[in-house]
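These notes are about the structure you will find just below.
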Amino acid sequence: MTSFKSGGKISFLSQWQINELSRHFTEPDRTAMPHELAIKLKINYSDALTIISLLETEGLSNNLLLIYHNCQEAPVDTLPFGAGFPNLPWKCPNCEVIVEDGRELSYDLMAKAPEPIEFF
Amino acid sequence: MTYVKQPRMWFSFKLGNHEKLPKLGQSETLLTEYCEDGWYGPINDKVEEKAYYIRTHTASYYTRTTTQDGEKVEALRIRWSPIVEVSKKYIAISWNGFSSNNLEDEGKAEITNASQFPFWKHIGSFFDELNKHLGGKWEHSELHKLILSDLWNKYINYSDTDFKYYWRHLRIRAEAAGVALNAHSSGMAEVDIRGIQALSHQLAKSALESIELLEDKGKLSLVENAIIRTLIHEWGAKSYEFSLEKEEIFKEDSSDNESKKRKPEKIFRAHCYFGLKQDSKVQDSLQHLKCYSQYGNNLDALNFLLKELNSED
Amino acid sequence: MLSQEELVEQVLGALEKLDRDDPATDKLASYLYVADKQLSKFIDDLNQTLDEIQKGKKTDSKIQSKRILAGKLLEQIAYLSFRGLKGVSSLKSFQSAGPQYDLLITGDNQNWITICKLLYLNTESRDIVIEAKAKESKIQDKDFARLCNIMELNLSGSGLGVFFTLNGATGFPKDSSQRQRSLRDAKLRQVLFNAKTGKMIIVFDKEDILSLAKNGCLINLITRKIRDLSENTGLPLVPITLEEVDLPEHLKALHESP
């Protein structure tokens, strides 16, 4: 089953970029982080972030805030998108250190699309 | 006894035997005084036929404090206490890590950034000291063979009558042909349920797409697995992390009529440093494992490995 | 991966391309408020001081100093909570004639313009005025009137006023699930002021203030209260009490007779 996304809100994208978006989401269970889309579509991070946010409000994806700690390169935890940053003090589930200084943490976003999406 | 049996994040083990268990310092005094660095024990566990020793080591943590007289650099003492578990068949040292820093040279009182305490520089010498004290003859097992060959062949895509086993590749650090490779998956199911397999899947897909063979799903699976094998087995693995879980197989005649899926049972997860680069300045000089509390930390991990090693004999 | 500040910058950039009413905006806005570390402690201190005031006798001299302390704590809470709002360039005190200190929040760069869009402020009236009133009783019409006056005359660049209170204001519905069918007291003034000048004044009570210790909530809290204000004026409400106040009893009798 393929879902559709109207092009109205992403009118700042060219046709080529819209095609590339569709190509990224041809399979089910695709994920996308803003920097991934930024590279593929040759746009900047904040525009990619706009697209990812719109996907969720259209009901096409479930988005997550990824939380990184300096104890490892891969993310250590997630929060649902739209719930703000983690409240401090916060315990890192990977190394179990209690983080009091927000500067120890970094973040990114990820969209998970359960169904393929066609953009037009 | 409770203290030494607490789970810890890191451990390293060797197989073998020892001659004696000499008294090496009163362990009770560790609870009441700040003692000198050295060996303390043994603490005997008669039930399980094991003995424990504690090795204390002082590390410094420098902080800059501002007082009325101006800024000064203070050195705080951190006592690091790895625990040694000795049995008839093996010896295992376990510890928790921490951050430490250093003073820059030239006495300028510049503090370096905090980084992981380099425990790998010390654990090796602790093993040597124990050799002398206990008259031990121990050798590291061939961890890379155990994990990448024996357990790999046994558990990947394996099911028995009651359980289906799930092996997830989570991290590989490897180096060959002048190329260092580091693929790291977060291990969180919400983010990537397939671990590094997600990467090999995409590589396989792109490769087959380029020669227009993508339609054949069977080929995709074969190529995907071949790529994963190459990444892990054939690129000079220095360390590797995986998780193993098992799930009860739903039986038709089971009296349990609930349709809810049972949560898989966690068996093992550890980041295994194979210790094959003896002259490395980083962790690769020591064979050791980093464990996870949800998988029982060092206690369950060690038990699992010992059980598997025994079943080989 | 981005640091918190870097992600906030990107979120502000993304918000520029979105409509205010797109639900994506609210979700992104959650990253524009990071609760100050000290906020929890100040809120705890305020709760403790209020408990002590309640337990003590009304004539006790210590009570007066505790009341003053409560006032100061509430002002500190107000200050810290708006300091956690990203995009703010300046928070300063404003003192009109009289002892009352208010807080004026302004911004002058693109980031602030984006925040203004989120808070339904237009570029001409984009300052926020905060008034903290640690009264045990609800704040009244006259307190509202004072702020309306300041926002109209002294701080003409302001578009939003926020009361930090303990127990809300008179005339505001307590139970938000029930539609209020009449406007009176401070609530009436809020609606009239908005209808006349387009400026908004909202009220935070203790429950709202408690929620400020959590990341992400401030903008959502403000926008919910602003929407509540707009919805009220949108409804065809009959201001019954307005007509009643118009004439005292002895004249009303004459008014009603043919």
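We label chains A, B, ... in the order they appear in the structure tokens, count residues from 1 in each chain, and number ligands from 1 in the order shown.
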Item to complete: Select from chain A everything DSSP, run on the backbone, classes as strand (DSSP E or B), then give the selection as a PyMOL selection string.
Response: chain A and resi 3-5+30-32+62-69+77-80+90-91+98-99+105-113+117-119
Discussion item. Could you tell me which residues of chain A sit within 12 Å of chain B when counting only C-alpha atoms, and give me the result as a count of residues only?
Written reply: 38
Discussion item. Residues of chain A within 10 Å of chain C, counting only C-alpha atoms - could you list those as a PyMOL selection string?
Written reply: chain A and resi 9-10+12+33+35+44-58+66-68+73-75+80-89+100-109
Item to complete: Write out as a VMD selection string the residues lying within 12 Å of B:Pro7, counting only C-alpha atoms and excluding same-chain residues fewer than 4 positions away.
Response: chain B and resid 2 to 3 11 82 to 83 93 to 96 290 to 302
Discussion item. Show me, as a PyMOL selection string, the residues that have an atom within 10 Å of C:Phe193 when counting only C-alpha atoms, minus same-chain residues fewer than 3 positions from it.
Written reply: chain C and resi 144-145+148-149+152+187-190+196-201
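Across the structure, atom CA of B:Lys164 and atom CA of B:Lys246 are spaced 5.4 Å apart.
If you look at atom CA of B:Leu231 and atom CA of B:Glu175, they are 9.9 Å away from each other.
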Discussion item. DSSP on the backbone, alpha helix (DSSP H) only: what residues of stretch 23-255 of chain C does that give? Format it as a VMD selection string.
Written reply: chain C and resid 23 to 29 39 to 55 61 to 83 110 to 118 141 to 149 185 to 197 206 to 211 217 to 234 240 to 246 249 to 255
Neighbouring residues of A:Phe119 were defined as those with any atom within 12 Å, considering only C-alpha atoms; residues of the same chain fewer than 3 positions away were excluded. Please report them as a PDB file with C-alpha atoms, in the first residue's frame.
ATOM      1  CA  THR A   2       1.480   3.280  -1.012  1.00  0.00           C
ATOM      2  CA  SER A   3       0.786   6.554   0.725  1.00  0.00           C
ATOM      3  CA  PHE A   4       0.751   9.859  -1.021  1.00  0.00           C
ATOM      4  CA  LYS A   5       2.066  13.208   0.033  1.00  0.00           C
ATOM      5  CA  SER A   6       0.757  16.372  -1.481  1.00  0.00           C
ATOM      6  CA  GLY A   7       3.352  18.664  -2.955  1.00  0.00           C
ATOM      7  CA  GLY A   8       1.678  21.860  -1.746  1.00  0.00           C
ATOM      8  CA  LYS A   9       3.592  22.270   1.458  1.00  0.00           C
ATOM      9  CA  ILE A  10       6.917  21.222  -0.015  1.00  0.00           C
ATOM     10  CA  SER A  11       6.618  23.526  -2.990  1.00  0.00           C
ATOM     11  CA  LEU A  13      11.423  21.548  -3.814  1.00  0.00           C
ATOM     12  CA  SER A  14      12.093  21.081  -7.500  1.00  0.00           C
ATOM     13  CA  GLN A  15      10.625  18.200  -9.452  1.00  0.00           C
ATOM     14  CA  TRP A  16      13.981  16.419  -9.399  1.00  0.00           C
ATOM     15  CA  GLN A  17      14.117  16.712  -5.625  1.00  0.00           C
ATOM     16  CA  ILE A  18      10.567  15.408  -5.299  1.00  0.00           C
ATOM     17  CA  ASN A  19      11.488  12.410  -7.444  1.00  0.00           C
ATOM     18  CA  GLU A  20      14.527  11.739  -5.283  1.00  0.00           C
ATOM     19  CA  LEU A  21      12.320  11.813  -2.186  1.00  0.00           C
ATOM     20  CA  SER A  22      10.010   9.245  -3.705  1.00  0.00           C
ATOM     21  CA  ARG A  23      13.005   7.102  -4.603  1.00  0.00           C
ATOM     22  CA  HIS A  24      14.225   7.168  -1.000  1.00  0.00           C
ATOM     23  CA  PHE A  25      10.866   5.985   0.271  1.00  0.00           C
ATOM     24  CA  THR A  26      10.098   3.253  -2.279  1.00  0.00           C
ATOM     25  CA  ILE A  51      10.123  17.818   5.356  1.00  0.00           C
ATOM     26  CA  LEU A  55       5.773  13.689   7.138  1.00  0.00           C
ATOM     27  CA  LEU A  60       3.200   9.099   7.001  1.00  0.00           C
ATOM     28  CA  PRO A 116       6.273   3.499   1.004  1.00  0.00           C
TER      29      PRO A 116
END
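Between atom CA of B:Val282 and atom CA of B:Ile228 the interatomic distance comes to 25.4 Å.
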